[in-house]
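Here the structure is laid out as structure tokens; the discussion comes afterwards.
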Amino acid sequence: MTELVATARANKAASSGTAFLALVVIVALLAPYIAPFDPSAQDLSATRQPPSRHHLLGTDFQGADVLSKVIYGARPTLSVAVAVSVCTVIAGFILGTLAAWSGGWLDQAVMRVVDLMLAFPALLLNIILAAALVPRQRETAGMRLIDPATLSLFLALTLTGWAAVARISRGLVLSLMASQYVVSARALGATGVAIVMRHVVPNAASTMIIVLAMRVGTTILAAAGLNYLGIGAPSDSNSWGMMVNLGQYDIVTAWWWPLAPATAIALTVLSINLVADAARDYLDPRAQARLTVARTG
């Protein structure tokens, strides 16, 4: 814990990023209590008003308070990003570990699928999958607890995101398999499952935590990009990407309301990247050694 605090103090950018992320999470959790207005409330007599005391970030084309919409927009943005990132990291790590440990035809099959997934442009593949999945979800929308468009976005980003994680995991596991403690465990007769659970998974955890953090940032950008194109979110959604989509036509005359969600996206992703970099420095022994030398020298 002392080393963690020292690392945080030495990295002011990471401290700022952590503080901003904490603010975003708190805002998302307490949105009904801190939002000054109902984000769906419309006031056609106060459309496109610039920032003022009454509306700190102005109003949109329907007279809704932009600050309230941005506050509520943190919820779908973060929930989709975290859920997709967790699922892609878990699936990618499992498949990458199986491919590296088993070798042979299974390794070849998994890696060829990974190569095929990574050969397609990510944005194009996400658009195709999200658009293809929406009609099926609408047929059973009444039986689902999640909006069909949001579910299609989650499935599309998960189906396209695991491949990169699987490739990273495979390389990581292959390097761990060549380590002395894994070779010794094999020589002592330990089973493959025991070696993976006792040696591979714990030693790969730090790297996968960093990968997870980076995936959250890239997923926010990917989801916002799809929402901006009108895919993966209802037109009445408060997601930041959809807000930019609706506000793009007023970028000249009412620049404040598309600029607010775009700024929220940029600052959130930047903060995540800063925290991920700090986590890498903290979990990397070589970086810790350099930090120790810098503090004592």
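To be explicit about the labels: the chains of the structure tokens are called A, B, and onward in the order shown, and within each one the residues are counted from 1, while ligands get numbers from 1 in the order they are shown.
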
(Q) Just want the 12 Å neighbourhood of segment 201-211 of chain A, counted on only C-alpha atoms, with same-chain residues fewer than 2 positions away dropped. Output as a PyMOL selection string. (A) chain A and resi 85-86+88-94+96-97+161-162+164-177+179+181-182+193-199+213-219+272-285

Q) Where in segment 27-147 of chain A does DSSP assign helix (DSSP H, G or I), given as number ranges by chain? A) A: 27-29, 31-34, 44-46, 66-102, 104-119, 122-139, 141-143

(Q) I want to know what sits within 7 Å of Ala64 of chain A, based on only C-alpha atoms, with residues of the same chain fewer than 2 positions away left out; could you give that as a PyMOL selection string? (A) chain A and resi 39-43+59-60+62+66

Using N, CA and C atoms, can you write the selected residues to a file as a PDB file, in the first residue's frame?
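The result, written out as selection-v1.pdb:
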ATOM      1  N   PRO A  39     -33.842  14.779 -17.153  1.00  0.00           N
ATOM      2  CA  PRO A  39     -33.216  14.863 -18.474  1.00  0.00           C
ATOM      3  C   PRO A  39     -34.196  14.693 -19.627  1.00  0.00           C
ATOM      4  N   SER A  40     -35.357  14.096 -19.368  1.00  0.00           N
ATOM      5  CA  SER A  40     -36.345  13.912 -20.429  1.00  0.00           C
ATOM      6  C   SER A  40     -37.362  15.037 -20.490  1.00  0.00           C
ATOM      7  N   ALA A  41     -37.301  15.970 -19.524  1.00  0.00           N
ATOM      8  CA  ALA A  41     -38.247  17.089 -19.518  1.00  0.00           C
ATOM      9  C   ALA A  41     -37.938  18.055 -20.659  1.00  0.00           C
ATOM     10  N   GLN A  42     -38.952  18.469 -21.372  1.00  0.00           N
ATOM     11  CA  GLN A  42     -38.786  19.362 -22.507  1.00  0.00           C
ATOM     12  C   GLN A  42     -39.449  20.703 -22.226  1.00  0.00           C
ATOM     13  N   ASP A  43     -38.793  21.738 -22.710  1.00  0.00           N
ATOM     14  CA  ASP A  43     -39.333  23.094 -22.592  1.00  0.00           C
ATOM     15  C   ASP A  43     -39.081  23.798 -23.923  1.00  0.00           C
ATOM     16  N   THR A  59     -29.148  24.417 -22.915  1.00  0.00           N
ATOM     17  CA  THR A  59     -30.223  23.483 -23.245  1.00  0.00           C
ATOM     18  C   THR A  59     -30.045  22.976 -24.668  1.00  0.00           C
ATOM     19  N   ASP A  60     -30.739  21.875 -24.975  1.00  0.00           N
ATOM     20  CA  ASP A  60     -30.624  21.294 -26.310  1.00  0.00           C
ATOM     21  C   ASP A  60     -31.772  21.760 -27.199  1.00  0.00           C
ATOM     22  N   GLN A  62     -34.585  20.548 -27.707  1.00  0.00           N
ATOM     23  CA  GLN A  62     -35.904  20.348 -27.124  1.00  0.00           C
ATOM     24  C   GLN A  62     -36.091  21.114 -25.817  1.00  0.00           C
ATOM     25  N   VAL A  66     -28.848  20.308 -20.547  1.00  0.00           N
ATOM     26  CA  VAL A  66     -27.721  19.519 -21.053  1.00  0.00           C
ATOM     27  C   VAL A  66     -26.932  18.895 -19.906  1.00  0.00           C
TER      28      VAL A  66
END

Q: Extract, using only C-alpha atoms, all DNA, RNA and protein residues at most 9 Å from Val110 of chain A, discarding same-chain residues fewer than 4 positions from it, and format them as a ChimeraX atom specification.
A: /A:95-96,98-99,105-106,114-115,166

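Nearest residue to Asn227 of chain A, choosing from A:Gly58, A:Pro76, A:Pro258, A:Gly241 and counting only C-alpha atoms: A:Gly241.
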
**Q.** Residue among A:Met111, A:Leu212, A:Ile220, A:Leu56 lying closest to Phe154 of chain A, counting only C-alpha atoms
**A.**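 The shortest atom-to-atom distance to Phe154 of chain A comes from A:Ile220.
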
Q: List the neighbours of segment 19-35 of chain A out to 7 Å using only C-alpha atoms; skip same-chain residues closer than 2 positions along the sequence, and give me the result as a list in words.
A: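 Within the cut-off, the hits are Ser15, Ser16, Gly17, Phe37, Ser68, Ile71, Tyr72, Ala74, Arg75, Thr268 and Ser271 of chain A.
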
Filtering to C-alpha atoms, could you give me those residues as an mmCIF file, in the first residue's frame?
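Written output follows (out09.cif):
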data_model
loop_
_atom_site.group_PDB
_atom_site.id
_atom_site.type_symbol
_atom_site.label_atom_id
_atom_site.label_comp_id
_atom_site.auth_asym_id
_atom_site.auth_seq_id
_atom_site.Cartn_x
_atom_site.Cartn_y
_atom_site.Cartn_z
ATOM 1 C CA SER A 15 -3.917 11.101 -9.569
ATOM 2 C CA SER A 16 -5.953 13.577 -11.604
ATOM 3 C CA GLY A 17 -7.297 10.773 -13.775
ATOM 4 C CA PHE A 37 -33.522 18.669 -13.898
ATOM 5 C CA SER A 68 -28.712 16.699 -16.510
ATOM 6 C CA ILE A 71 -25.029 13.286 -15.810
ATOM 7 C CA TYR A 72 -27.555 10.614 -16.727
ATOM 8 C CA ALA A 74 -22.692 8.478 -17.662
ATOM 9 C CA ARG A 75 -24.858 5.508 -16.684
ATOM 10 C CA THR A 268 -13.173 9.913 -19.325
ATOM 11 C CA SER A 271 -8.450 9.463 -17.374
#

Q) What's the 6 Å shell around segment 116-130 of chain A, counting only C-alpha atoms, without same-chain residues fewer than 5 positions away, as a count of residues only? A) 3

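Across the model, the gap from atom CA of Cys87 of chain A to atom CA of Ala131 of chain A is 20.5 Å.
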
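Atom pair atom CA of Asn245 of chain A / atom CA of Leu229 of chain A: separated by 6.8 Å.
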
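Our summary of the geometry notes that atom CA of Arg53 of chain A is positioned 21.6 Å from atom CA of Ile251 of chain A.
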